[in-house]
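Printed here is final.pdb (PDB, C-alpha atoms):
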```pdb
ATOM      1  CA  ALA A   1     -11.326 -13.961 -10.518  1.00  0.00           C
ATOM      2  CA  GLN A   2      -7.806 -12.654 -10.168  1.00  0.00           C
ATOM      3  CA  ARG A   3      -5.348 -15.491 -10.224  1.00  0.00           C
ATOM      4  CA  VAL A   4      -1.743 -16.281 -11.030  1.00  0.00           C
ATOM      5  CA  THR A   5      -0.808 -19.807 -12.001  1.00  0.00           C
ATOM      6  CA  GLN A   6       2.679 -21.256 -12.062  1.00  0.00           C
ATOM      7  CA  PRO A   7       2.210 -24.808 -13.293  1.00  0.00           C
ATOM      8  CA  GLU A   8       5.626 -26.127 -12.298  1.00  0.00           C
ATOM      9  CA  LYS A   9       6.542 -26.570  -8.658  1.00  0.00           C
ATOM     10  CA  LEU A  10      10.066 -27.595  -9.509  1.00  0.00           C
ATOM     11  CA  LEU A  11      12.169 -27.042 -12.590  1.00  0.00           C
ATOM     12  CA  SER A  12      15.537 -28.693 -12.802  1.00  0.00           C
ATOM     13  CA  VAL A  13      18.036 -27.862 -15.567  1.00  0.00           C
ATOM     14  CA  PHE A  14      21.741 -28.183 -16.185  1.00  0.00           C
ATOM     15  CA  LYS A  15      24.097 -25.234 -16.192  1.00  0.00           C
ATOM     16  CA  GLY A  16      24.155 -23.575 -19.589  1.00  0.00           C
ATOM     17  CA  ALA A  17      20.736 -24.867 -20.615  1.00  0.00           C
ATOM     18  CA  PRO A  18      17.877 -22.488 -21.444  1.00  0.00           C
ATOM     19  CA  VAL A  19      15.293 -21.835 -18.765  1.00  0.00           C
ATOM     20  CA  GLU A  20      11.627 -20.928 -19.035  1.00  0.00           C
ATOM     21  CA  LEU A  21       9.480 -20.514 -15.943  1.00  0.00           C
ATOM     22  CA  LYS A  22       5.843 -20.381 -16.862  1.00  0.00           C
ATOM     23  CA  CYS A  23       3.286 -17.940 -15.516  1.00  0.00           C
ATOM     24  CA  ASN A  24      -0.322 -17.514 -16.569  1.00  0.00           C
ATOM     25  CA  TYR A  25      -2.726 -15.016 -15.112  1.00  0.00           C
ATOM     26  CA  SER A  26      -6.389 -14.187 -14.941  1.00  0.00           C
ATOM     27  CA  TYR A  27      -7.321 -10.558 -14.409  1.00  0.00           C
ATOM     28  CA  SER A  28     -10.204  -8.359 -15.543  1.00  0.00           C
ATOM     29  CA  GLY A  29      -8.508  -5.073 -16.277  1.00  0.00           C
ATOM     30  CA  SER A  30      -5.032  -3.805 -17.038  1.00  0.00           C
ATOM     31  CA  PRO A  31      -2.529  -5.877 -15.093  1.00  0.00           C
ATOM     32  CA  GLU A  32       0.963  -5.181 -13.980  1.00  0.00           C
ATOM     33  CA  LEU A  33       3.088  -8.327 -13.886  1.00  0.00           C
ATOM     34  CA  PHE A  34       6.204  -8.995 -11.874  1.00  0.00           C
ATOM     35  CA  TRP A  35       8.687 -11.699 -11.101  1.00  0.00           C
ATOM     36  CA  TYR A  36       9.986 -11.942  -7.559  1.00  0.00           C
ATOM     37  CA  VAL A  37      12.854 -14.192  -6.506  1.00  0.00           C
ATOM     38  CA  GLN A  38      13.979 -15.651  -3.219  1.00  0.00           C
ATOM     39  CA  TYR A  39      17.500 -17.003  -3.021  1.00  0.00           C
ATOM     40  CA  SER A  40      18.447 -19.375  -0.242  1.00  0.00           C
ATOM     41  CA  ARG A  41      18.464 -17.603   3.131  1.00  0.00           C
ATOM     42  CA  GLN A  42      17.627 -14.259   1.541  1.00  0.00           C
ATOM     43  CA  ARG A  43      14.534 -12.107   1.452  1.00  0.00           C
ATOM     44  CA  LEU A  44      11.973 -12.122  -1.271  1.00  0.00           C
ATOM     45  CA  GLN A  45      12.946  -9.444  -3.763  1.00  0.00           C
ATOM     46  CA  LEU A  46      11.785  -8.009  -7.046  1.00  0.00           C
ATOM     47  CA  LEU A  47      13.540  -9.469 -10.088  1.00  0.00           C
ATOM     48  CA  LEU A  48      11.780  -7.643 -12.878  1.00  0.00           C
ATOM     49  CA  ARG A  49       8.488  -6.086 -13.938  1.00  0.00           C
ATOM     50  CA  HIS A  50       6.915  -6.104 -17.363  1.00  0.00           C
ATOM     51  CA  ILE A  51       6.465  -2.347 -17.572  1.00  0.00           C
ATOM     52  CA  SER A  52      10.226  -1.777 -17.394  1.00  0.00           C
ATOM     53  CA  ARG A  53      10.997  -4.111 -20.295  1.00  0.00           C
ATOM     54  CA  GLU A  54      14.424  -4.729 -18.821  1.00  0.00           C
ATOM     55  CA  SER A  55      16.739  -7.694 -18.560  1.00  0.00           C
ATOM     56  CA  ILE A  56      17.939  -8.477 -15.051  1.00  0.00           C
ATOM     57  CA  LYS A  57      20.685 -11.057 -14.463  1.00  0.00           C
ATOM     58  CA  GLY A  58      20.061 -12.265 -18.002  1.00  0.00           C
ATOM     59  CA  PHE A  59      16.354 -12.900 -17.367  1.00  0.00           C
ATOM     60  CA  THR A  60      13.617 -11.435 -19.531  1.00  0.00           C
ATOM     61  CA  ALA A  61       9.847 -11.733 -19.477  1.00  0.00           C
ATOM     62  CA  ASP A  62       7.332 -10.649 -22.071  1.00  0.00           C
ATOM     63  CA  LEU A  63       3.721  -9.943 -21.292  1.00  0.00           C
ATOM     64  CA  ASN A  64       1.477 -11.763 -23.761  1.00  0.00           C
ATOM     65  CA  LYS A  65      -2.006 -10.407 -23.258  1.00  0.00           C
ATOM     66  CA  GLY A  66      -3.509 -12.734 -25.821  1.00  0.00           C
ATOM     67  CA  GLU A  67      -2.265 -15.818 -24.003  1.00  0.00           C
ATOM     68  CA  THR A  68      -2.426 -14.088 -20.592  1.00  0.00           C
ATOM     69  CA  SER A  69       1.105 -15.210 -19.892  1.00  0.00           C
ATOM     70  CA  PHE A  70       4.266 -13.716 -18.482  1.00  0.00           C
ATOM     71  CA  HIS A  71       6.902 -16.411 -18.794  1.00  0.00           C
ATOM     72  CA  LEU A  72      10.392 -15.816 -17.414  1.00  0.00           C
ATOM     73  CA  LYS A  73      13.256 -16.809 -19.675  1.00  0.00           C
ATOM     74  CA  LYS A  74      17.005 -17.035 -19.620  1.00  0.00           C
ATOM     75  CA  PRO A  75      19.065 -18.444 -22.478  1.00  0.00           C
ATOM     76  CA  PHE A  76      21.857 -19.949 -20.366  1.00  0.00           C
ATOM     77  CA  ALA A  77      21.156 -20.918 -16.764  1.00  0.00           C
ATOM     78  CA  GLN A  78      23.806 -20.457 -14.086  1.00  0.00           C
ATOM     79  CA  GLU A  79      24.104 -22.277 -10.765  1.00  0.00           C
ATOM     80  CA  GLU A  80      23.512 -19.021  -8.921  1.00  0.00           C
ATOM     81  CA  ASP A  81      20.069 -18.813 -10.541  1.00  0.00           C
ATOM     82  CA  SER A  82      18.880 -21.604  -8.259  1.00  0.00           C
ATOM     83  CA  ALA A  83      16.073 -20.059  -6.186  1.00  0.00           C
ATOM     84  CA  MET A  84      12.311 -19.810  -5.714  1.00  0.00           C
ATOM     85  CA  TYR A  85      10.623 -17.693  -8.350  1.00  0.00           C
ATOM     86  CA  TYR A  86       7.221 -16.123  -7.877  1.00  0.00           C
ATOM     87  CA  CYS A  87       5.109 -14.520 -10.533  1.00  0.00           C
ATOM     88  CA  ALA A  88       2.883 -11.726  -9.197  1.00  0.00           C
ATOM     89  CA  LEU A  89       0.140  -9.450 -10.452  1.00  0.00           C
ATOM     90  CA  SER A  90      -1.377  -6.134  -9.475  1.00  0.00           C
ATOM     91  CA  GLY A  91      -3.781  -3.693 -11.036  1.00  0.00           C
ATOM     92  CA  ARG A  92      -2.310  -1.097 -13.410  1.00  0.00           C
ATOM     93  CA  TYR A  93      -3.057   1.831 -11.139  1.00  0.00           C
ATOM     94  CA  ASN A  94      -2.366   0.154  -7.857  1.00  0.00           C
ATOM     95  CA  GLN A  95       0.313   2.109  -6.136  1.00  0.00           C
ATOM     96  CA  GLY A  96       0.137  -0.004  -3.087  1.00  0.00           C
ATOM     97  CA  GLY A  97       1.276  -3.284  -1.784  1.00  0.00           C
ATOM     98  CA  LYS A  98      -1.479  -5.620  -2.900  1.00  0.00           C
ATOM     99  CA  LEU A  99       0.017  -8.289  -5.090  1.00  0.00           C
ATOM    100  CA  ILE A 100      -1.439 -11.625  -6.098  1.00  0.00           C
ATOM    101  CA  PHE A 101       1.289 -14.233  -6.119  1.00  0.00           C
ATOM    102  CA  GLY A 102       1.535 -17.553  -7.851  1.00  0.00           C
ATOM    103  CA  GLN A 103       2.515 -20.648  -5.895  1.00  0.00           C
ATOM    104  CA  GLY A 104       6.115 -20.334  -6.956  1.00  0.00           C
ATOM    105  CA  THR A 105       8.530 -22.438  -8.976  1.00  0.00           C
ATOM    106  CA  GLU A 106      11.721 -23.754  -7.500  1.00  0.00           C
ATOM    107  CA  LEU A 107      14.504 -23.567 -10.042  1.00  0.00           C
ATOM    108  CA  SER A 108      17.411 -25.916  -9.525  1.00  0.00           C
ATOM    109  CA  VAL A 109      20.429 -25.486 -11.790  1.00  0.00           C
ATOM    110  CA  LYS A 110      22.766 -28.462 -11.687  1.00  0.00           C
ATOM    111  CA  PRO A 111      26.474 -28.231 -12.487  1.00  0.00           C
TER     112      PRO A 111
ATOM    113  CA  LYS B   1      19.135   2.304   4.264  1.00  0.00           C
ATOM    114  CA  ALA B   2      18.093  -0.297   6.767  1.00  0.00           C
ATOM    115  CA  GLY B   3      15.754  -2.913   5.403  1.00  0.00           C
ATOM    116  CA  VAL B   4      12.314  -3.893   6.590  1.00  0.00           C
ATOM    117  CA  THR B   5      12.530  -5.201  10.139  1.00  0.00           C
ATOM    118  CA  GLN B   6      10.083  -7.659  11.627  1.00  0.00           C
ATOM    119  CA  THR B   7       9.811  -8.768  15.228  1.00  0.00           C
ATOM    120  CA  PRO B   8       9.666 -11.282  16.683  1.00  0.00           C
ATOM    121  CA  ARG B   9      11.291 -13.633  14.200  1.00  0.00           C
ATOM    122  CA  TYR B  10       9.910 -16.775  15.796  1.00  0.00           C
ATOM    123  CA  LEU B  11       7.123 -17.411  18.216  1.00  0.00           C
ATOM    124  CA  ILE B  12       5.056 -20.284  19.520  1.00  0.00           C
ATOM    125  CA  LYS B  13       1.514 -19.872  20.746  1.00  0.00           C
ATOM    126  CA  THR B  14      -1.319 -22.174  21.709  1.00  0.00           C
ATOM    127  CA  ARG B  15      -4.799 -22.296  20.268  1.00  0.00           C
ATOM    128  CA  GLY B  16      -7.063 -19.549  21.528  1.00  0.00           C
ATOM    129  CA  GLN B  17      -4.269 -17.127  22.309  1.00  0.00           C
ATOM    130  CA  GLN B  18      -3.626 -13.932  20.441  1.00  0.00           C
ATOM    131  CA  VAL B  19      -0.448 -12.623  18.868  1.00  0.00           C
ATOM    132  CA  THR B  20       0.914  -9.256  17.787  1.00  0.00           C
ATOM    133  CA  LEU B  21       3.597  -8.933  15.130  1.00  0.00           C
ATOM    134  CA  SER B  22       5.541  -5.791  14.427  1.00  0.00           C
ATOM    135  CA  CYS B  23       7.023  -4.335  11.259  1.00  0.00           C
ATOM    136  CA  SER B  24       9.288  -1.334  10.744  1.00  0.00           C
ATOM    137  CA  PRO B  25       9.377  -0.249   7.087  1.00  0.00           C
ATOM    138  CA  ILE B  26      12.246   1.262   5.184  1.00  0.00           C
ATOM    139  CA  SER B  27      12.690   4.906   6.094  1.00  0.00           C
ATOM    140  CA  GLY B  28      10.471   7.066   3.892  1.00  0.00           C
ATOM    141  CA  HIS B  29       8.138   4.233   2.908  1.00  0.00           C
ATOM    142  CA  ARG B  30       4.572   4.947   3.890  1.00  0.00           C
ATOM    143  CA  SER B  31       2.933   1.789   2.621  1.00  0.00           C
ATOM    144  CA  VAL B  32       3.129  -1.405   4.655  1.00  0.00           C
ATOM    145  CA  SER B  33       1.598  -4.663   3.484  1.00  0.00           C
ATOM    146  CA  TRP B  34       1.237  -7.981   5.239  1.00  0.00           C
ATOM    147  CA  TYR B  35       1.272 -11.419   3.679  1.00  0.00           C
ATOM    148  CA  GLN B  36       0.750 -14.901   5.033  1.00  0.00           C
ATOM    149  CA  GLN B  37       2.913 -17.632   3.550  1.00  0.00           C
ATOM    150  CA  THR B  38       2.073 -21.298   3.988  1.00  0.00           C
ATOM    151  CA  PRO B  39       3.170 -24.399   2.041  1.00  0.00           C
ATOM    152  CA  GLY B  40      -0.386 -25.107   0.949  1.00  0.00           C
ATOM    153  CA  GLN B  41      -1.688 -21.651   0.068  1.00  0.00           C
ATOM    154  CA  GLY B  42       1.509 -19.857  -0.826  1.00  0.00           C
ATOM    155  CA  LEU B  43       1.731 -16.099  -0.387  1.00  0.00           C
ATOM    156  CA  GLN B  44      -1.605 -14.530   0.418  1.00  0.00           C
ATOM    157  CA  PHE B  45      -2.267 -10.835   0.873  1.00  0.00           C
ATOM    158  CA  LEU B  46      -3.669  -9.879   4.254  1.00  0.00           C
ATOM    159  CA  PHE B  47      -3.919  -6.102   4.211  1.00  0.00           C
ATOM    160  CA  GLU B  48      -2.114  -2.900   3.404  1.00  0.00           C
ATOM    161  CA  TYR B  49      -1.784   0.315   5.336  1.00  0.00           C
ATOM    162  CA  PHE B  50      -0.873   3.705   3.949  1.00  0.00           C
ATOM    163  CA  SER B  51      -0.618   6.827   6.077  1.00  0.00           C
ATOM    164  CA  GLU B  52      -2.284   5.074   9.016  1.00  0.00           C
ATOM    165  CA  THR B  53      -5.299   3.998   6.934  1.00  0.00           C
ATOM    166  CA  GLN B  54      -6.129   0.543   5.667  1.00  0.00           C
ATOM    167  CA  ARG B  55      -6.024   0.863   1.885  1.00  0.00           C
ATOM    168  CA  ASN B  56      -6.500  -2.730   0.784  1.00  0.00           C
ATOM    169  CA  LYS B  57      -7.742  -5.873   2.453  1.00  0.00           C
ATOM    170  CA  GLY B  58      -7.490  -9.528   1.533  1.00  0.00           C
ATOM    171  CA  ASN B  59      -9.910 -12.362   2.205  1.00  0.00           C
ATOM    172  CA  PHE B  60      -9.071 -13.212   5.781  1.00  0.00           C
ATOM    173  CA  PRO B  61     -11.445 -13.428   8.748  1.00  0.00           C
ATOM    174  CA  GLY B  62     -11.849 -10.565  11.166  1.00  0.00           C
ATOM    175  CA  ARG B  63      -9.524 -12.291  13.618  1.00  0.00           C
ATOM    176  CA  PHE B  64      -6.742 -10.793  11.538  1.00  0.00           C
ATOM    177  CA  SER B  65      -6.333  -7.084  12.061  1.00  0.00           C
ATOM    178  CA  GLY B  66      -3.671  -4.467  11.756  1.00  0.00           C
ATOM    179  CA  ARG B  67      -2.806  -0.891  12.278  1.00  0.00           C
ATOM    180  CA  GLN B  68      -0.203   1.631  11.303  1.00  0.00           C
ATOM    181  CA  PHE B  69       1.322   4.345  13.403  1.00  0.00           C
ATOM    182  CA  SER B  70       2.302   7.876  12.471  1.00  0.00           C
ATOM    183  CA  ASN B  71       5.923   6.800  11.980  1.00  0.00           C
ATOM    184  CA  SER B  72       4.707   4.189   9.439  1.00  0.00           C
ATOM    185  CA  ARG B  73       5.513   1.262  11.710  1.00  0.00           C
ATOM    186  CA  SER B  74       2.811  -1.363  11.561  1.00  0.00           C
ATOM    187  CA  GLU B  75       1.470  -4.134  13.709  1.00  0.00           C
ATOM    188  CA  MET B  76      -0.775  -7.015  12.877  1.00  0.00           C
ATOM    189  CA  ASN B  77      -2.799  -8.945  15.392  1.00  0.00           C
ATOM    190  CA  VAL B  78      -4.340 -12.374  15.215  1.00  0.00           C
ATOM    191  CA  SER B  79      -6.863 -13.208  17.887  1.00  0.00           C
ATOM    192  CA  THR B  80      -8.215 -16.593  18.925  1.00  0.00           C
ATOM    193  CA  LEU B  81      -5.419 -18.449  17.217  1.00  0.00           C
ATOM    194  CA  GLU B  82      -6.161 -21.626  15.278  1.00  0.00           C
ATOM    195  CA  LEU B  83      -3.781 -24.356  14.211  1.00  0.00           C
ATOM    196  CA  GLY B  84      -4.178 -23.211  10.616  1.00  0.00           C
ATOM    197  CA  ASP B  85      -2.731 -19.813  11.472  1.00  0.00           C
ATOM    198  CA  SER B  86       0.721 -21.380  11.690  1.00  0.00           C
ATOM    199  CA  ALA B  87       2.626 -19.625   8.940  1.00  0.00           C
ATOM    200  CA  LEU B  88       5.366 -17.231   7.998  1.00  0.00           C
ATOM    201  CA  TYR B  89       4.011 -13.697   8.166  1.00  0.00           C
ATOM    202  CA  LEU B  90       5.789 -11.341   5.830  1.00  0.00           C
ATOM    203  CA  CYS B  91       5.741  -7.596   5.959  1.00  0.00           C
ATOM    204  CA  ALA B  92       6.635  -5.460   2.964  1.00  0.00           C
ATOM    205  CA  SER B  93       7.004  -1.754   2.482  1.00  0.00           C
ATOM    206  CA  SER B  94       6.903   0.308  -0.656  1.00  0.00           C
ATOM    207  CA  SER B  95       7.761   3.798  -1.743  1.00  0.00           C
ATOM    208  CA  PRO B  96       5.018   6.300  -2.515  1.00  0.00           C
ATOM    209  CA  ASP B  97       6.759   7.058  -5.804  1.00  0.00           C
ATOM    210  CA  ALA B  98       4.384   5.997  -8.582  1.00  0.00           C
ATOM    211  CA  SER B  99       7.246   4.761 -10.732  1.00  0.00           C
ATOM    212  CA  ASN B 100       7.916   2.063  -8.170  1.00  0.00           C
ATOM    213  CA  THR B 101       4.476   0.525  -8.415  1.00  0.00           C
ATOM    214  CA  GLY B 102       4.633  -3.060  -7.408  1.00  0.00           C
ATOM    215  CA  GLU B 103       8.137  -3.026  -5.986  1.00  0.00           C
ATOM    216  CA  LEU B 104       7.781  -4.342  -2.499  1.00  0.00           C
ATOM    217  CA  PHE B 105      10.653  -4.625  -0.062  1.00  0.00           C
ATOM    218  CA  PHE B 106      10.119  -7.610   2.169  1.00  0.00           C
ATOM    219  CA  GLY B 107      11.219  -8.354   5.679  1.00  0.00           C
ATOM    220  CA  GLU B 108      12.548 -11.724   6.792  1.00  0.00           C
ATOM    221  CA  GLY B 109       9.222 -12.656   8.310  1.00  0.00           C
ATOM    222  CA  SER B 110       7.812 -13.751  11.632  1.00  0.00           C
ATOM    223  CA  ARG B 111       7.332 -17.488  11.868  1.00  0.00           C
ATOM    224  CA  LEU B 112       4.304 -18.318  13.988  1.00  0.00           C
ATOM    225  CA  THR B 113       3.660 -21.826  15.249  1.00  0.00           C
ATOM    226  CA  VAL B 114       0.316 -22.543  16.868  1.00  0.00           C
ATOM    227  CA  LEU B 115       0.149 -25.655  19.054  1.00  0.00           C
TER     228      LEU B 115
END
```
Write the structure described by the file as structure tokens, please.
Amino acid sequence: AQRVTQPEKLLSVFKGAPVELKCNYSYSGSPELFWYVQYSRQRLQLLLRHISRESIKGFTADLNKGETSFHLKKPFAQEEDSAMYYCALSGRYNQGGKLIFGQGTELSVKP
Amino acid sequence: KAGVTQTPRYLIKTRGQQVTLSCSPISGHRSVSWYQQTPGQGLQFLFEYFSETQRNKGNFPGRFSGRQFSNSRSEMNVSTLELGDSALYLCASSSPDASNTGELFFGEGSRLTVL
């Protein structure tokens, strides 16, 4: 079964602390993994995707096929990072809009 | 470019009624996907349309249907509404460019309340 699991509903850290949002997946095939973010009163938007191997707003995520994980990390959290984060998965050759989303993790960065 | 536009933003219906939601994608985007978001189930894929054809379908009953027009605008319809259909319905469009696989541009959603 295709599934994305985000074990933490809420993650609360202090400003300047490291952040790791966990994501595990189950997929039979070659997956594409993504992190989407929704800031307060804004639309859901793409943060980063594993295939690009890029760092966005200081966030990085490495696809670990052995552990079937795609954890999102940032060394020093900022207050503006507070948002809902969703891990999502699609098939490697899916050029369409079918994504499987995790339940989301709310990140709260305290001053 | 204007973003994805969904109408109406809010609506209230009663059980047994039907509802039609509309989505205008970003100009040039030919793929339109629909998602249902609820507190209990999270974001669940409903279906996707590309060039007026349904390309992917999620695990929802036949009461949920959609269509896409030649200008890429899409509508989804829910018939015989149930209380459990209360949700935020999100529309997303994506570019046909293969390099943008997985990048969806979401609308603000249509919040449906079924009484």
Practice problem: Using all atoms listed in the file, select each residue of chain B with any atom at most 10 Å away from an atom of chain A, and give the selection as JSON, numbers by chain. | Solution: {"B": [4, 30, 31, 32, 33, 34, 35, 37, 38, 39, 40, 41, 42, 43, 44, 45, 46, 47, 48, 49, 50, 55, 56, 57, 58, 90, 91, 92, 93, 94, 95, 96, 97, 98, 99, 100, 101, 102, 103, 104, 105, 106, 107, 108, 109]}
Quiz item: If you measure from CA of Tyr89 in chain B to CA of Ile56 in chain A, what distance in Å do you get, rounded to one decimal?
Solution: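 So the two atoms, CA of Tyr89 in chain B and CA of Ile56 in chain A, lie 27.6 Å apart.
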Quiz prompt | Residues matched by the PyMOL selection byres ((chain B and resi 86) around 12), written as a list in words | solution = Tyr10, Leu11, Ile12, Lys13, Thr14, Arg15, Val19, Gln36, Gln37, Thr38, Pro39, Gly40, Gln41, Val78, Leu81, Glu82, Leu83, Gly84, Asp85, Ala87, Leu88, Tyr89, Ser110, Arg111, Leu112, Thr113, Val114 and Leu115 of chain B
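Using all atoms listed in the file, the protein and nucleic acid residues lying no more than 12 Å from Lys65 in chain A, apart from those fewer than 2 places from it along its own chain, are Asn24, Tyr25, Ser26, Tyr27, Ser28, Gly29, Ser30, Pro31, Glu32, Leu33, His50, Asp62, Leu63, Glu67, Thr68, Ser69, Phe70 and His71 of chain A.
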Quiz item: Which residues, written as a list in words, have at least one atom at most 10 Å from Thr105 in chain A, with all atoms listed in the file counted and residues fewer than 2 positions away on the same chain left out?
Solution: Gln6, Pro7, Glu8, Lys9, Leu10, Leu11, Leu21, Lys22, Cys23, Val37, Ala83, Met84, Tyr85, Tyr86, Cys87, Gly102, Gln103, Leu107 and Ser108 of chain A
Write out the residues from the selection above, keeping C-alpha atoms, as a short mmCIF file (atom, residue, chain, number, x, y, z; two decimals), in the coordinates of the input.
```cif
data_model
loop_
_atom_site.label_atom_id
_atom_site.label_comp_id
_atom_site.auth_asym_id
_atom_site.auth_seq_id
_atom_site.Cartn_x
_atom_site.Cartn_y
_atom_site.Cartn_z
CA GLN A 6 2.68 -21.26 -12.06
CA PRO A 7 2.21 -24.81 -13.29
CA GLU A 8 5.63 -26.13 -12.30
CA LYS A 9 6.54 -26.57 -8.66
CA LEU A 10 10.07 -27.60 -9.51
CA LEU A 11 12.17 -27.04 -12.59
CA LEU A 21 9.48 -20.51 -15.94
CA LYS A 22 5.84 -20.38 -16.86
CA CYS A 23 3.29 -17.94 -15.52
CA VAL A 37 12.85 -14.19 -6.51
CA ALA A 83 16.07 -20.06 -6.19
CA MET A 84 12.31 -19.81 -5.71
CA TYR A 85 10.62 -17.69 -8.35
CA TYR A 86 7.22 -16.12 -7.88
CA CYS A 87 5.11 -14.52 -10.53
CA GLY A 102 1.54 -17.55 -7.85
CA GLN A 103 2.52 -20.65 -5.90
CA LEU A 107 14.50 -23.57 -10.04
CA SER A 108 17.41 -25.92 -9.52
#
```
Quiz item: Taking only C-alpha atoms into account, which of A:Gln2, A:Val109, A:Val19, A:Ser12 comes nearest Lys74 in chain A?
Solution: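 Once distances to Lys74 in chain A are computed over only C-alpha atoms, the minimum belongs to A:Val19.
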Quiz item: Rounded to one decimal in Å, what is the spacing between CA of Arg3 in chain A and CA of Asn59 in chain B?
Solution: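 CA of Asn59 in chain B lies 13.6 Å from CA of Arg3 in chain A.
Among the candidates B:Ser65, B:Gln6, B:Ser72, B:Ser51, the one nearest to Gln18 in chain B when counting all atoms listed in the file is B:Ser65.
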Quiz item: Skipping near chain neighbours, those fewer than 4 positions away, what residues fall within 8 Å of Arg67 in chain B using all atoms listed in the file, listed as a PyMOL selection string?
Solution: chain B and resi 49+52-54+74-76
Quiz item: What would the list of residues within 10 Å of (21.3, -18.8, -13.0) (file frame) look like as a PyMOL selection string, if only C-alpha atoms are what count?
Solution: chain A and resi 13-19+57-59+74-83+107-110
Quiz prompt | Point-to-point distance from CA of Pro111 in chain A to CA of Lys73 in chain A, Å rounded to tenths | solution =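 Answer for the CA of Pro111 in chain A to CA of Lys73 in chain A separation: 18.9 Å.
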Quiz prompt | Sphere at (15.9, -0.5, 0.3), radius 9 Å, counting all atoms listed in the file: residues as a PyMOL selection string | solution = chain B and resi 1-4+26-27+105
Please return the centre and edge lengths, in Å to one decimal, of a box with edges along x, y and z that contains all listed atoms of range 3-8 of chain A, widened by 4 Å on every side, as JSON.
```
{"center_x": 0.1, "center_y": -20.8, "center_z": -11.8, "size_x": 19.0, "size_y": 18.6, "size_z": 11.1}
```
